[in-house]
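Novice: Data: work-v4.csv, CSV, C-alpha atoms.
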```csv
chain,number,residue,atom,x,y,z
K,1,MET,CA,14.2,56.7,6.8
K,2,ILE,CA,12.3,58.0,9.9
K,3,ASP,CA,9.3,56.2,11.2
K,4,LEU,CA,6.4,58.7,11.3
K,5,PRO,CA,3.5,58.2,13.7
K,6,GLY,CA,0.3,56.9,12.0
K,7,THR,CA,2.0,56.1,8.7
K,8,LYS,CA,1.6,52.7,7.2
K,9,LYS,CA,4.7,50.6,7.7
K,10,THR,CA,5.9,48.0,5.2
K,11,PHE,CA,8.5,45.4,6.4
K,12,VAL,CA,10.7,43.1,4.4
K,13,TYR,CA,12.0,39.8,5.8
K,14,ILE,CA,15.1,38.4,4.1
K,15,GLY,CA,15.8,34.7,4.8
K,16,ASN,CA,19.5,33.8,4.7
K,17,TRP,CA,20.1,30.5,3.1
K,18,ARG,CA,23.2,28.2,3.7
K,19,ALA,CA,25.4,31.0,5.0
K,20,LYS,CA,29.0,30.0,5.5
K,21,SER,CA,29.7,31.8,8.8
K,22,PRO,CA,28.0,31.4,12.3
K,23,GLY,CA,25.4,34.1,13.0
K,24,GLU,CA,24.6,34.7,9.4
K,25,ASN,CA,21.7,32.4,8.9
K,26,GLY,CA,18.1,33.3,10.0
K,27,PHE,CA,16.3,36.5,9.1
K,28,ASP,CA,17.2,40.1,8.5
K,29,ILE,CA,14.4,42.6,9.1
K,30,PHE,CA,14.1,45.8,7.0
K,31,GLN,CA,11.6,48.6,6.8
K,32,PHE,CA,10.7,49.4,3.2
K,33,ASN,CA,10.2,52.9,1.9
K,34,GLU,CA,7.5,52.6,-0.7
K,35,ASP,CA,8.2,56.0,-2.2
K,36,THR,CA,11.9,55.4,-2.9
K,37,GLY,CA,12.4,51.7,-2.7
K,38,GLU,CA,15.1,52.1,0.0
K,39,LEU,CA,15.6,49.4,2.7
K,40,LYS,CA,16.3,50.4,6.3
K,41,TYR,CA,18.0,47.7,8.2
K,42,LYS,CA,16.4,47.0,11.6
K,43,LYS,CA,17.9,43.8,13.1
K,44,HIS,CA,18.9,40.2,12.7
K,45,ALA,CA,16.5,37.5,14.1
K,46,VAL,CA,15.8,33.8,14.4
K,47,ASP,CA,19.5,32.9,14.1
K,48,GLY,CA,20.7,29.5,13.0
K,49,VAL,CA,18.0,28.7,10.5
K,50,SER,CA,18.9,28.1,6.9
K,51,VAL,CA,15.8,29.6,5.4
K,52,GLY,CA,14.7,27.5,2.4
K,53,ALA,CA,11.2,29.0,2.3
K,54,ALA,CA,9.1,31.7,4.0
K,55,TYR,CA,5.3,32.1,4.0
K,56,ILE,CA,3.4,35.0,5.7
K,57,ASP,CA,-0.1,34.5,7.0
K,58,THR,CA,-1.2,38.1,6.8
K,59,LYS,CA,-4.5,37.5,8.6
K,60,ASN,CA,-2.7,36.3,11.8
K,61,ASN,CA,0.6,38.1,11.4
K,62,ILE,CA,2.6,34.9,11.4
K,63,LEU,CA,5.6,34.0,9.3
K,64,TYR,CA,6.2,30.3,8.7
K,65,ALA,CA,9.8,29.3,7.7
K,66,ALA,CA,11.4,26.1,6.4
K,67,ASN,CA,14.8,25.3,8.0
K,68,GLU,CA,16.4,23.6,5.0
K,69,GLN,CA,18.6,21.0,6.7
K,70,THR,CA,19.4,17.3,6.5
K,71,SER,CA,19.8,16.7,10.2
K,72,LEU,CA,17.7,17.5,13.3
K,73,PRO,CA,19.5,19.1,16.3
K,74,GLY,CA,21.4,16.5,18.3
K,75,ARG,CA,21.4,13.8,15.7
K,76,VAL,CA,22.7,12.8,12.3
K,77,GLY,CA,19.9,12.8,9.7
K,78,GLY,CA,16.2,13.2,10.4
K,79,GLY,CA,15.6,16.1,8.0
K,80,GLY,CA,14.6,19.8,8.4
K,81,GLN,CA,12.2,21.8,10.5
K,82,VAL,CA,9.2,24.1,10.2
K,83,LEU,CA,9.0,27.3,12.4
K,84,ALA,CA,6.2,29.6,13.2
K,85,VAL,CA,7.2,33.2,14.1
K,86,ARG,CA,4.9,36.0,15.4
K,87,LEU,CA,5.3,39.3,13.6
K,88,ASP,CA,4.8,42.6,15.4
K,89,PRO,CA,2.8,44.9,13.1
K,90,GLU,CA,4.3,48.0,14.7
K,91,SER,CA,7.9,47.2,15.0
K,92,GLY,CA,8.3,44.3,12.6
K,93,GLU,CA,9.9,42.2,15.4
K,94,MET,CA,10.0,38.4,15.1
K,95,THR,CA,9.2,36.1,18.0
K,96,GLU,CA,9.5,32.4,17.3
K,97,PHE,CA,6.8,30.3,19.1
K,98,SER,CA,6.7,26.9,17.4
K,99,ARG,CA,9.2,24.6,15.8
K,100,THR,CA,8.7,21.0,14.7
K,101,PRO,CA,10.5,18.5,12.4
K,102,SER,CA,9.3,18.8,8.8
K,103,TYR,CA,9.3,15.1,8.2
K,104,GLY,CA,11.6,15.2,5.3
K,105,VAL,CA,15.1,16.3,4.2
K,106,ASP,CA,15.6,19.9,2.9
K,107,PRO,CA,12.1,21.4,3.1
K,108,THR,CA,11.7,23.7,0.2
K,109,TYR,CA,8.2,25.3,0.2
K,110,ILE,CA,5.3,26.1,2.5
K,111,ALA,CA,1.6,26.8,1.6
K,112,LEU,CA,-1.5,27.2,3.8
K,113,ASP,CA,-5.0,26.1,2.9
K,114,PRO,CA,-7.8,28.7,2.6
K,115,SER,CA,-9.1,28.0,6.1
K,116,GLY,CA,-5.7,28.6,7.7
K,117,ARG,CA,-6.0,25.3,9.6
K,118,TYR,CA,-3.6,23.2,7.5
K,119,MET,CA,-0.2,23.6,6.0
K,120,LEU,CA,1.6,21.8,3.2
K,121,VAL,CA,5.4,21.4,3.3
K,122,THR,CA,7.4,20.0,0.3
K,123,HIS,CA,10.9,18.5,0.4
K,124,HIS,CA,13.7,18.5,-2.1
K,125,VAL,CA,16.0,15.8,-0.5
K,126,GLY,CA,19.5,15.0,-1.6
K,127,TYR,CA,21.0,13.5,-4.8
K,128,MET,CA,23.1,10.8,-3.2
K,129,PRO,CA,21.7,7.5,-2.1
K,130,VAL,CA,22.7,5.2,0.7
K,131,THR,CA,24.3,2.0,-0.6
K,132,LYS,CA,23.1,-1.3,1.0
K,133,ILE,CA,24.7,-4.7,0.5
K,134,GLY,CA,22.4,-7.7,0.6
K,135,ARG,CA,22.5,-11.4,0.0
K,136,ASP,CA,19.9,-13.5,-1.8
K,137,PRO,CA,18.7,-17.0,-0.9
K,138,TYR,CA,21.3,-18.5,-3.2
K,139,GLY,CA,24.2,-16.8,-1.4
K,140,LYS,CA,24.9,-14.2,-4.1
K,141,TYR,CA,25.6,-10.7,-2.9
K,142,HIS,CA,23.9,-7.7,-4.5
K,143,ILE,CA,24.1,-3.9,-4.3
K,144,HIS,CA,20.9,-1.9,-3.4
K,145,THR,CA,20.6,1.9,-3.2
K,146,GLU,CA,18.0,3.8,-1.2
K,147,PHE,CA,17.2,7.5,-1.3
K,148,ASP,CA,15.6,9.6,1.4
K,149,ASP,CA,11.8,9.7,1.2
K,150,THR,CA,10.6,12.7,-0.8
K,151,THR,CA,7.5,13.9,1.0
K,152,THR,CA,4.7,16.3,0.9
K,153,VAL,CA,3.5,16.7,4.4
K,154,LEU,CA,0.1,17.9,5.6
K,155,PHE,CA,0.3,19.6,9.0
K,156,ARG,CA,-2.5,20.7,11.4
K,157,LEU,CA,-2.2,24.2,12.7
K,158,SER,CA,-3.4,25.0,16.2
K,159,GLU,CA,-5.7,27.9,17.0
K,160,ASN,CA,-2.8,30.2,17.8
K,161,GLY,CA,-1.0,29.2,14.5
K,162,ALA,CA,1.6,26.8,16.0
K,163,VAL,CA,2.6,23.9,13.8
K,164,GLY,CA,1.1,20.7,15.1
K,165,GLU,CA,1.6,17.0,14.2
K,166,PRO,CA,1.4,15.8,10.6
K,167,CYS,CA,-1.9,14.2,9.7
K,168,ASP,CA,-0.8,12.9,6.3
K,169,VAL,CA,2.5,12.2,4.5
K,170,TRP,CA,2.6,11.7,0.8
K,171,LYS,CA,5.7,9.8,-0.4
K,172,HIS,CA,6.6,10.6,-4.0
K,173,ILE,CA,8.2,8.1,-6.4
K,174,GLY,CA,9.7,8.4,-9.9
K,175,HIS,CA,12.8,9.6,-11.7
K,176,GLY,CA,13.8,11.5,-14.9
K,177,PRO,CA,16.3,11.0,-17.6
K,178,LEU,CA,19.1,13.1,-16.1
K,179,MET,CA,21.5,10.7,-14.3
K,180,ASN,CA,23.1,13.1,-11.8
K,181,THR,CA,20.0,15.1,-10.8
K,182,GLN,CA,16.9,13.0,-11.5
K,183,ALA,CA,17.5,9.6,-10.0
K,184,ASN,CA,14.8,10.4,-7.4
K,185,PRO,CA,12.0,12.9,-6.8
K,186,HIS,CA,12.7,16.5,-5.8
K,187,ILE,CA,9.6,18.4,-4.9
K,188,HIS,CA,10.6,22.1,-5.1
K,189,SER,CA,7.4,24.0,-4.7
K,190,THR,CA,3.7,23.9,-3.9
K,191,VAL,CA,1.3,26.8,-4.5
K,192,LEU,CA,-2.5,27.2,-3.8
K,193,SER,CA,-4.9,28.2,-6.6
K,194,PRO,CA,-6.4,31.6,-6.1
K,195,LYS,CA,-9.8,30.2,-5.2
K,196,GLY,CA,-8.3,27.6,-3.0
K,197,GLU,CA,-9.5,24.5,-4.9
K,198,PHE,CA,-6.1,22.7,-5.1
K,199,PHE,CA,-2.3,22.9,-4.7
K,200,ALA,CA,0.0,22.6,-7.7
K,201,GLU,CA,3.5,21.0,-7.1
K,202,CYS,CA,6.6,20.9,-9.2
K,203,ASP,CA,8.8,17.8,-9.1
K,204,LYS,CA,12.3,18.5,-10.4
K,205,GLY,CA,13.3,14.8,-10.1
K,206,SER,CA,10.6,13.2,-12.3
K,207,ASP,CA,9.5,16.1,-14.5
K,208,ARG,CA,6.0,15.8,-13.1
K,209,ILE,CA,3.3,18.2,-11.9
K,210,TYR,CA,1.0,17.1,-9.1
K,211,CYS,CA,-2.3,18.7,-8.1
K,212,PHE,CA,-3.6,17.9,-4.6
K,213,ARG,CA,-6.7,18.8,-2.6
K,214,ILE,CA,-7.3,18.3,1.1
K,215,ASP,CA,-10.0,15.8,2.2
K,216,TYR,CA,-10.9,17.7,5.4
K,217,GLU,CA,-13.0,14.9,6.9
K,218,ALA,CA,-10.3,12.4,6.7
K,219,GLU,CA,-7.4,14.9,7.0
K,220,ARG,CA,-5.7,13.5,4.0
K,221,LEU,CA,-4.1,14.6,0.7
K,222,VAL,CA,-6.0,13.6,-2.4
K,223,LEU,CA,-4.2,13.5,-5.8
K,224,LEU,CA,-6.3,15.1,-8.4
K,225,ASN,CA,-3.9,15.1,-11.3
K,226,ASP,CA,-0.5,13.8,-12.2
K,227,TYR,CA,0.9,15.5,-15.3
K,228,GLN,CA,4.1,14.5,-17.2
K,229,SER,CA,6.1,17.6,-18.3
K,230,VAL,CA,9.0,17.8,-20.7
K,231,PRO,CA,11.6,15.0,-20.0
K,232,GLY,CA,14.8,16.4,-18.5
K,233,SER,CA,13.3,19.9,-17.9
K,234,SER,CA,13.2,19.8,-14.0
K,235,PRO,CA,10.1,21.9,-13.2
K,236,ARG,CA,11.0,24.2,-10.3
K,237,HIS,CA,8.7,27.0,-9.4
K,238,SER,CA,5.2,28.0,-10.5
K,239,CYS,CA,2.6,30.7,-10.0
K,240,PHE,CA,-1.1,31.2,-10.7
K,241,HIS,CA,-2.6,34.3,-12.4
K,242,PRO,CA,-4.5,36.2,-9.6
K,243,THR,CA,-7.8,36.4,-11.4
K,244,LEU,CA,-7.7,34.3,-14.7
K,245,PRO,CA,-7.5,30.5,-15.0
K,246,TYR,CA,-3.8,30.5,-16.0
K,247,TRP,CA,-0.9,28.8,-14.4
K,248,TYR,CA,2.8,29.2,-15.2
K,249,MET,CA,5.9,27.1,-14.5
K,250,ASN,CA,9.6,27.5,-15.0
K,251,ASN,CA,12.3,24.9,-15.3
K,252,GLU,CA,15.8,24.4,-13.9
K,253,SER,CA,17.4,22.2,-16.5
K,254,MET,CA,15.8,23.7,-19.6
K,255,THR,CA,15.6,27.4,-20.5
K,256,ILE,CA,11.8,27.3,-21.1
K,257,LEU,CA,8.8,28.7,-19.5
K,258,ARG,CA,5.4,26.9,-19.8
K,259,ALA,CA,1.8,28.3,-19.6
K,260,PHE,CA,-1.3,26.3,-18.8
K,261,ARG,CA,-5.0,26.7,-18.5
K,262,TYR,CA,-6.6,25.0,-15.4
K,263,ASP,CA,-10.0,24.2,-14.0
K,264,LYS,CA,-11.2,23.8,-10.4
K,265,ASP,CA,-10.5,20.1,-10.4
K,266,GLY,CA,-6.8,20.5,-11.1
K,267,LYS,CA,-7.0,19.6,-14.8
K,268,ILE,CA,-4.3,21.5,-16.7
K,269,ASP,CA,-4.0,22.0,-20.4
K,270,HIS,CA,-0.9,23.3,-22.2
K,271,ILE,CA,-1.1,26.8,-23.8
K,272,CYS,CA,2.4,27.6,-24.9
K,273,THR,CA,6.1,27.1,-24.2
K,274,VAL,CA,8.5,30.1,-24.6
K,275,GLU,CA,12.2,30.6,-24.5
K,276,THR,CA,13.7,32.5,-21.5
K,277,LEU,CA,17.2,33.3,-22.7
K,278,PRO,CA,18.2,36.7,-24.1
K,279,GLU,CA,18.4,36.9,-27.9
K,280,GLY,CA,21.7,35.4,-29.1
K,281,CYS,CA,22.4,33.6,-25.8
K,282,LYS,CA,22.7,29.8,-25.9
K,283,ASP,CA,23.0,27.1,-23.2
K,284,ASP,CA,26.3,25.3,-23.4
K,285,PRO,CA,26.0,21.8,-21.9
K,286,THR,CA,29.8,21.5,-21.7
K,287,LEU,CA,30.0,24.1,-19.0
K,288,ASP,CA,29.8,23.5,-15.2
K,289,LYS,CA,26.2,23.6,-14.1
K,290,ASN,CA,26.7,26.8,-12.0
K,291,GLN,CA,27.8,28.6,-15.2
K,292,ARG,CA,24.9,27.3,-17.3
K,293,PRO,CA,21.5,29.2,-17.3
K,294,ARG,CA,19.2,27.8,-14.6
K,295,GLN,CA,15.9,29.4,-13.7
K,296,SER,CA,15.1,30.0,-10.1
K,297,ASP,CA,12.1,32.0,-9.0
K,298,ILE,CA,9.0,33.0,-11.0
K,299,GLN,CA,6.4,35.8,-10.1
K,300,ILE,CA,3.4,37.5,-11.6
K,301,HIS,CA,3.0,41.2,-11.1
K,302,PRO,CA,0.1,42.2,-8.8
K,303,SER,CA,-1.7,43.7,-11.8
K,304,GLY,CA,-1.7,40.3,-13.5
K,305,LYS,CA,-0.3,41.8,-16.7
K,306,TYR,CA,3.3,40.7,-16.5
K,307,LEU,CA,5.3,37.6,-15.6
K,308,TYR,CA,9.0,37.4,-14.6
K,309,THR,CA,11.5,34.6,-14.3
K,310,LEU,CA,15.0,34.7,-12.8
K,311,ILE,CA,17.9,33.0,-14.5
K,312,ARG,CA,21.1,32.0,-12.6
K,313,GLY,CA,24.4,31.4,-14.3
K,314,ILE,CA,23.9,34.3,-16.7
K,315,ASN,CA,22.4,36.5,-13.9
K,316,CYS,CA,19.4,37.6,-15.9
K,317,LEU,CA,15.7,38.4,-15.6
K,318,SER,CA,13.2,37.8,-18.4
K,319,ALA,CA,9.8,39.6,-18.5
K,320,TYR,CA,6.7,38.7,-20.4
K,321,ALA,CA,3.3,40.3,-21.2
K,322,ILE,CA,0.3,38.0,-20.4
K,323,ASP,CA,-2.5,37.9,-23.0
K,324,PRO,CA,-5.6,38.0,-20.9
K,325,SER,CA,-7.7,36.4,-23.6
K,326,ASP,CA,-5.8,33.1,-23.7
K,327,GLY,CA,-2.9,33.3,-21.2
K,328,ALA,CA,-0.2,33.3,-23.9
K,329,LEU,CA,3.2,34.9,-23.1
K,330,GLU,CA,5.1,37.5,-25.2
K,331,LYS,CA,8.6,38.4,-24.1
K,332,ILE,CA,9.1,42.1,-23.5
K,333,GLN,CA,12.5,42.2,-21.9
K,334,SER,CA,15.6,40.2,-21.0
K,335,VAL,CA,18.0,42.2,-18.8
K,336,GLU,CA,21.3,41.4,-17.0
K,337,LEU,CA,21.0,41.9,-13.2
K,338,ASP,CA,23.5,43.9,-11.1
K,339,GLY,CA,24.1,40.9,-8.8
K,340,LYS,CA,25.1,37.2,-9.0
K,341,GLY,CA,23.0,34.1,-8.3
K,342,PRO,CA,19.5,35.5,-8.3
K,343,ARG,CA,17.4,33.1,-6.1
K,344,ALA,CA,14.1,34.7,-5.2
K,345,CYS,CA,12.1,37.8,-5.9
K,346,ALA,CA,8.9,39.6,-4.7
K,347,PHE,CA,7.0,42.8,-5.5
K,348,SER,CA,6.2,45.6,-3.2
K,349,PRO,CA,2.5,45.8,-2.2
K,350,ASP,CA,1.9,48.6,-4.7
K,351,GLY,CA,3.8,46.8,-7.5
K,352,ARG,CA,6.2,49.7,-8.1
K,353,PHE,CA,9.4,47.8,-7.0
K,354,MET,CA,10.8,44.3,-7.2
K,355,LEU,CA,13.3,43.0,-4.7
K,356,ILE,CA,15.7,40.2,-5.8
K,357,THR,CA,18.0,38.2,-3.6
K,358,ALA,CA,21.4,37.6,-5.2
K,359,ALA,CA,22.8,34.8,-3.1
K,360,GLU,CA,26.2,34.5,-4.7
K,361,SER,CA,27.1,38.2,-4.5
K,362,GLY,CA,25.4,38.7,-1.1
K,363,GLU,CA,23.0,41.5,-2.2
K,364,ILE,CA,19.3,42.5,-2.1
K,365,LEU,CA,18.7,44.1,-5.5
K,366,VAL,CA,16.0,46.9,-5.7
K,367,TRP,CA,14.5,47.3,-9.2
K,368,ALA,CA,11.8,49.7,-10.3
K,369,VAL,CA,8.8,48.4,-12.3
K,370,ALA,CA,7.5,50.7,-15.1
K,371,GLU,CA,3.9,50.9,-16.3
K,372,ASP,CA,4.8,48.8,-19.4
K,373,GLY,CA,6.1,46.0,-17.1
K,374,LYS,CA,9.8,46.6,-17.9
K,375,VAL,CA,12.2,46.7,-15.0
K,376,ALA,CA,15.4,48.8,-14.3
K,377,PRO,CA,17.9,49.0,-11.4
K,378,THR,CA,17.5,51.8,-8.8
K,379,GLY,CA,21.0,51.6,-7.4
K,380,LYS,CA,19.6,51.1,-3.9
K,381,ASN,CA,21.0,47.6,-3.4
K,382,THR,CA,21.8,46.3,0.2
K,383,SER,CA,24.5,43.8,1.1
K,384,ARG,CA,23.7,40.8,3.3
K,385,PRO,CA,25.6,37.6,3.9
K,386,SER,CA,23.5,35.0,2.1
K,387,PRO,CA,20.1,36.3,1.0
K,388,GLY,CA,17.8,33.5,-0.2
K,389,THR,CA,14.1,34.3,0.4
K,390,VAL,CA,12.2,37.6,0.4
K,391,ALA,CA,8.8,38.4,1.9
K,392,PHE,CA,6.9,41.7,2.2
K,393,PHE,CA,4.7,42.3,5.3
K,394,GLN,CA,2.3,45.3,5.3
K,395,PRO,CA,0.0,45.0,8.4
```
For the structure just supplied, provide its representation as structure tokens.
Specialist:
Amino acid sequence: MIDLPGTKKTFVYIGNWRAKSPGENGFDIFQFNEDTGELKYKKHAVDGVSVGAAYIDTKNNILYAANEQTSLPGRVGGGGQVLAVRLDPESGEMTEFSRTPSYGVDPTYIALDPSGRYMLVTHHVGYMPVTKIGRDPYGKYHIHTEFDDTTTVLFRLSENGAVGEPCDVWKHIGHGPLMNTQANPHIHSTVLSPKGEFFAECDKGSDRIYCFRIDYEAERLVLLNDYQSVPGSSPRHSCFHPTLPYWYMNNESMTILRAFRYDKDGKIDHICTVETLPEGCKDDPTLDKNQRPRQSDIQIHPSGKYLYTLIRGINCLSAYAIDPSDGALEKIQSVELDGKGPRACAFSPDGRFMLITAAESGEILVWAVAEDGKVAPTGKNTSRPSPGTVAFFQP
């Protein structure tokens, strides 16, 4: 693909996640051909970062990235980091200009408020506690376990977009019924409602949904709603309909997708729950967890007509038509992907293509989206070491 003077350029940033070899983390920069769906590799950038999440502020040409780590540089422990990276609209080049501790272990998601002055960062943290031995006043020894703090952190952003000091830290509590994965909270995502009234967060550890707003005068997070979801379901990712009052959530430990109606105050009401597995496919709880179906990303098509969820284990994508009258979902397709370990997906700006990162097979899958919402492979896949996140940038 040749860059033509005066043509509109579209760049794609692939964040590599937990790569096994030095020099394979960080970002890979591509230019995207909107006519064919082809990806032209440009260069590697921001090396050494295990990209757990990426968010692009298109108004200011800044990409914010979560370095999903347990330890800060030069020490054991201390959590991950948040980076601010300047994007060049002509070349797509990345220039890091800000890096700060994320104030939590394994940062998973980033969202900006409507003003662009504040950022929310969520954290997954680990599954293993620290074991402490204590002694009571009667001389009897006892065992006590402590987990890392699971936090949602509110950061100030400077005028140039650099990440400043945290102004509020919300510490989550709770657990779910699954012994090995729900002994403590695991906040996996936070997304802003289309009109900017509140953020919705999914907690895999306690099967809860949290809705927060920002008190700008006090610079604090305010909890609007705390919703108990299906026990043992592990809510993972969610997305808002772009124009209608509907919100959708997938789950990691159950093969269900849930639809809700919401209002400006963060009150949510259940609409329906649908199955995500292909017809005839069943979840076998006796299998290793990596072989079982586990949902990862969820996205709504830019048209607002269709919703998609990725399913690891069986390497599948399920697509649904959205009823605009009530937000209900009707499955239109379940299709096997041509890559293993689908982790994240995103649509091209015109909605004609979907890019999917296949972390296990080390591929970026390019699929075409038809008018009826169904998807099909283009055969234009690109190999990369450990693709995790995907973000489009059209200046």
Novice: Ranking K:Ile314, K:Leu329, K:Ile300, K:Val390 by minimum distance to Glu363 (chain K) and counting all atoms listed in the file, which one comes first?
Specialist: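 Among K:Ile314, K:Leu329, K:Ile300, K:Val390, it is K:Val390 that comes nearest to Glu363 (chain K).
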Novice: Need the shell around Thr151 (chain K): protein/DNA/RNA residues with any atom at most 12 Å away, counting all atoms listed in the file. Skip same-chain ones fewer than 3 positions apart. Format as a PyMOL selection string?
Specialist: chain K and resi 79-80+102-109+120-125+147-148+154+166+168-173+184-190+201+203+221
Novice: Which one of K:Gly313, K:Gly164, K:Gly139, K:Pro177 sits closest to Ala84 (chain K) if you count only C-alpha atoms?
Specialist: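 Among the listed residues, K:Gly164 lies closest to Ala84 (chain K).
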Novice: Quick check, in Å to one decimal: how far apart do CA of Thr389 (chain K) and CA of Ile322 (chain K) lie?
Specialist: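 CA of Ile322 (chain K) lies 25.2 Å from CA of Thr389 (chain K).
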Novice: Distance CA of Arg213 (chain K)-CA of Ser233 (chain K), one decimal place?
Specialist: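 Computing it gives 25.2 Å between the two atoms.
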Novice: Identify, on the basis of only C-alpha atoms, every residue whose closest approach to Ser383 (chain K) does not exceed 10 Å; exclude the query and any residue fewer than 5 positions from it along the same chain; express the result as number ranges by chain.
Specialist: K: 357-358, 361-365
Novice: In Å, how far is it from CA of Gly161 (chain K) to CA of Ser348 (chain K)?
Specialist: 25.2 Å
Novice: Kindly extract all protein, DNA and RNA residues lying within 8 Å of the coordinates (4.3, 28.2, -26.6) given in the file, considering all atoms listed in the file, and supply them as a PyMOL selection string.
Specialist: chain K and resi 258-259+271-274+328-329
Novice: Need the neighbours of (4.5, 52.9, 1.2): which residues are at most 12 Å away, counting only C-alpha atoms, as an mmCIF file with C-alpha atoms, keeping the file's coordinate frame?
Specialist:
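selection_0.cif, written as the output of this step:
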```cif
data_model
loop_
_atom_site.group_PDB
_atom_site.id
_atom_site.type_symbol
_atom_site.label_atom_id
_atom_site.label_comp_id
_atom_site.auth_asym_id
_atom_site.auth_seq_id
_atom_site.Cartn_x
_atom_site.Cartn_y
_atom_site.Cartn_z
ATOM 1 C CA MET K 1 14.200 56.700 6.800
ATOM 2 C CA ASP K 3 9.300 56.200 11.200
ATOM 3 C CA LEU K 4 6.400 58.700 11.300
ATOM 4 C CA THR K 7 2.000 56.100 8.700
ATOM 5 C CA LYS K 8 1.600 52.700 7.200
ATOM 6 C CA LYS K 9 4.700 50.600 7.700
ATOM 7 C CA THR K 10 5.900 48.000 5.200
ATOM 8 C CA PHE K 11 8.500 45.400 6.400
ATOM 9 C CA GLN K 31 11.600 48.600 6.800
ATOM 10 C CA PHE K 32 10.700 49.400 3.200
ATOM 11 C CA ASN K 33 10.200 52.900 1.900
ATOM 12 C CA GLU K 34 7.500 52.600 -0.700
ATOM 13 C CA ASP K 35 8.200 56.000 -2.200
ATOM 14 C CA THR K 36 11.900 55.400 -2.900
ATOM 15 C CA GLY K 37 12.400 51.700 -2.700
ATOM 16 C CA GLU K 38 15.100 52.100 0.000
ATOM 17 C CA LEU K 39 15.600 49.400 2.700
ATOM 18 C CA SER K 348 6.200 45.600 -3.200
ATOM 19 C CA PRO K 349 2.500 45.800 -2.200
ATOM 20 C CA ASP K 350 1.900 48.600 -4.700
ATOM 21 C CA GLY K 351 3.800 46.800 -7.500
ATOM 22 C CA ARG K 352 6.200 49.700 -8.100
ATOM 23 C CA PHE K 353 9.400 47.800 -7.000
ATOM 24 C CA PHE K 392 6.900 41.700 2.200
ATOM 25 C CA PHE K 393 4.700 42.300 5.300
ATOM 26 C CA GLN K 394 2.300 45.300 5.300
ATOM 27 C CA PRO K 395 0.000 45.000 8.400
#
```
Novice: Counting all atoms listed in the file, which of K:Pro231, K:Gly78, K:Gly327, K:Gly15 gets nearest to Gly205 (chain K)?
Specialist: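 Checking each of K:Pro231, K:Gly78, K:Gly327, K:Gly15 against Gly205 (chain K), counting all atoms listed in the file, the winner is K:Pro231.
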Novice: Compare K:Ile143, K:Cys167, K:Ala183, K:Ile133 by their minimum atom-to-atom distance to Arg117 (chain K), counting all atoms listed in the file, and give me the closest one.
Specialist: K:Cys167
Novice: Residues within 12 Å of Ser325 (chain K), please, as an NGL selection string. Count all atoms listed in the file; anything in the same chain fewer than 4 positions from it doesn't count.
Specialist: :K and (244-246 or 261 or 271 or 305 or 321 or 329)
